[in-house]
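Participant: Handing you this structure, nothing more for now.
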Amino acid sequence: MATFETGTDTVYRSDCPSRPILDQIADKWSMMVMAVLEKPRRFNDIKRHLEGVTQRVLTQTLRRLERNGMIVRRVLPTSPVGVEYSLTPLGESLREPFGRLYAWTVDNTDEIRAHQADYDRRVQS
């Protein structure tokens, strides 16, 4: 990540090329799609596994992931023609760090929710 130092502070530059990639990876639907792709799946199968995602958002997410090299889209020689999505080696390399992040989230959900409730009570007072 492109950074520079100002005294004792590190500043993360707005023109850093990693920022849009991190935004994509951290996007809710991108991570969920990648989690669902533990095996190759067709579009509607992916959609069935992701409650609440619209067809438009899923299409956009799949295109961004394909553009970034995280997934591959394969046209199947079926009638009618089918399309299947699967992780690339680059996408597969995110499974382990994503798994740690997911485990951390599950392990800390109760504490985070307690902090949220406490904050909400203070702000409403």
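Chain labels A, B, ... are given in the sequence in which chains occur in the structure tokens; within each chain residues are numbered consecutively from 1, and ligands are likewise numbered from 1 in the order shown.
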Just list the residues in region 30-112 of chain A DSSP gives strand (DSSP E or B) on the backbone, as a PyMOL selection string.

Facilitator: chain A and resi 41-42+71-76+82-87

Participant: Let's have the selection written as a compact mmCIF listing (two decimals), in the first residue's frame, with N, CA and C atoms.

Facilitator:
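The result, stored in part.txt:
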```txt
# COMPACT_ATOMS: atom_id res chain seq x y z
N ARG A 41 -20.06 -23.29 -9.38
CA ARG A 41 -21.53 -23.17 -9.31
C ARG A 41 -22.04 -22.32 -10.46
N ARG A 42 -23.27 -22.57 -10.82
CA ARG A 42 -23.97 -21.75 -11.80
C ARG A 42 -24.56 -20.53 -11.11
N ILE A 71 -12.21 -14.98 -9.76
CA ILE A 71 -13.04 -16.08 -10.23
C ILE A 71 -12.88 -16.19 -11.74
N VAL A 72 -13.29 -17.33 -12.25
CA VAL A 72 -13.31 -17.54 -13.69
C VAL A 72 -14.73 -17.94 -14.09
N ARG A 73 -15.16 -17.43 -15.23
CA ARG A 73 -16.48 -17.73 -15.79
C ARG A 73 -16.26 -18.68 -16.95
N ARG A 74 -16.96 -19.82 -16.90
CA ARG A 74 -16.79 -20.83 -17.95
C ARG A 74 -18.14 -21.11 -18.59
N VAL A 75 -18.20 -21.00 -19.91
CA VAL A 75 -19.42 -21.30 -20.66
C VAL A 75 -19.47 -22.81 -20.85
N LEU A 76 -20.59 -23.41 -20.46
CA LEU A 76 -20.76 -24.86 -20.54
C LEU A 76 -21.42 -25.23 -21.87
N GLY A 82 -25.08 -22.91 -20.59
CA GLY A 82 -24.97 -22.59 -19.17
C GLY A 82 -23.64 -21.93 -18.88
N VAL A 83 -23.57 -21.26 -17.74
CA VAL A 83 -22.35 -20.60 -17.30
C VAL A 83 -22.06 -21.06 -15.88
N GLU A 84 -20.80 -21.32 -15.62
CA GLU A 84 -20.37 -21.78 -14.31
C GLU A 84 -19.25 -20.87 -13.82
N TYR A 85 -19.25 -20.59 -12.52
CA TYR A 85 -18.22 -19.75 -11.91
C TYR A 85 -17.44 -20.58 -10.91
N SER A 86 -16.12 -20.32 -10.86
CA SER A 86 -15.29 -21.00 -9.88
C SER A 86 -14.14 -20.08 -9.49
N LEU A 87 -13.54 -20.39 -8.34
CA LEU A 87 -12.41 -19.60 -7.87
C LEU A 87 -11.16 -19.89 -8.69
```

Participant: Identify which of the residues A:Gln24, A:Thr105, A:Gln116, A:Ser18 lies closest to Leu62 (chain A), counting only C-alpha atoms when measuring atom-to-atom distances.

Facilitator: A:Gln24

Participant: Within 8 Å of Arg95 (chain A), counting only C-alpha atoms, which residues qualify if same-chain residues fewer than 3 places away don't, as number ranges by chain?

Facilitator: A: 34-35, 91-92, 98-99

Participant: Write the selection just made, keeping C-alpha atoms, as a short mmCIF file (atom, residue, chain, number, x, y, z; two decimals), in the first residue's frame?

Facilitator:
```
data_model
loop_
_atom_site.label_atom_id
_atom_site.label_comp_id
_atom_site.auth_asym_id
_atom_site.auth_seq_id
_atom_site.Cartn_x
_atom_site.Cartn_y
_atom_site.Cartn_z
CA MET A 34 -16.30 -16.31 -2.81
CA ALA A 35 -17.39 -18.27 0.26
CA GLY A 91 -9.29 -16.28 -5.31
CA GLU A 92 -8.57 -19.54 -3.53
CA PHE A 98 -11.23 -14.83 4.99
CA GLY A 99 -11.82 -17.89 7.15
#
```

Participant: CA of Glu96 (chain A) and CA of Thr54 (chain A) are how many Å apart?

Facilitator: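 CA of Glu96 (chain A) sits 27.1 Å away from CA of Thr54 (chain A).
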
Participant: As an exercise, work out the distance from CA of Leu37 (chain A) to CA of Asn68 (chain A) in Å and give it to one decimal place.

Facilitator: 15.7 Å

Participant: Just to confirm, what's the straight-line distance from CA of Arg113 (chain A) to CA of Val57 (chain A) in Å (one decimal)?

Facilitator: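 Straight-line distance from CA of Arg113 (chain A) to CA of Val57 (chain A) works out to 27.8 Å.
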
Participant: Could you list, as a compact mmCIF listing (two decimals) with C-alpha atoms, in the first residue's frame, every residue within 12 Å of Gly52 (chain A), counting only C-alpha atoms and ignoring same-chain residues fewer than 5 positions away?

Facilitator:
```
# COMPACT_ATOMS: atom_id res chain seq x y z
CA LYS A 28 -20.11 -7.82 1.55
CA TRP A 29 -21.33 -9.61 -1.56
CA MET A 32 -20.07 -14.08 0.33
CA ILE A 46 -24.98 -18.90 -6.28
CA LYS A 47 -28.07 -16.67 -6.00
CA VAL A 57 -25.94 -6.91 -7.76
CA LEU A 58 -24.84 -10.52 -8.17
```

Participant: What parts of region 24-57 of chain A does DSSP call helix (DSSP H, G or I)? I'd like the answer as a list of chain:residue names.

Facilitator: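 Assigned to helix (DSSP H, G or I), within region 24-57 of chain A: A:Gln24, A:Ile25, A:Ala26, A:Lys28, A:Trp29, A:Ser30, A:Met31, A:Met32, A:Val33, A:Met34, A:Ala35, A:Val36, A:Phe43, A:Asn44, A:Asp45, A:Ile46, A:Lys47, A:Arg48, A:His49, A:Gln55, A:Arg56, A:Val57.
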
Participant: Taking 4 positions as the minimum chain separation for residues in the same chain, which residues sit within 9 Å of His49 (chain A) when counting only C-alpha atoms? Answer as a PDB file with C-alpha atoms, in the first residue's frame.

Facilitator:
```
ATOM      1  CA  VAL A  33     -19.832 -15.089  -3.336  1.00  0.00           C
ATOM      2  CA  VAL A  36     -20.180 -19.937  -1.743  1.00  0.00           C
ATOM      3  CA  ASN A  44     -28.797 -19.324 -10.019  1.00  0.00           C
ATOM      4  CA  ASP A  45     -27.138 -21.740  -7.606  1.00  0.00           C
TER       5      ASP A  45
END
```
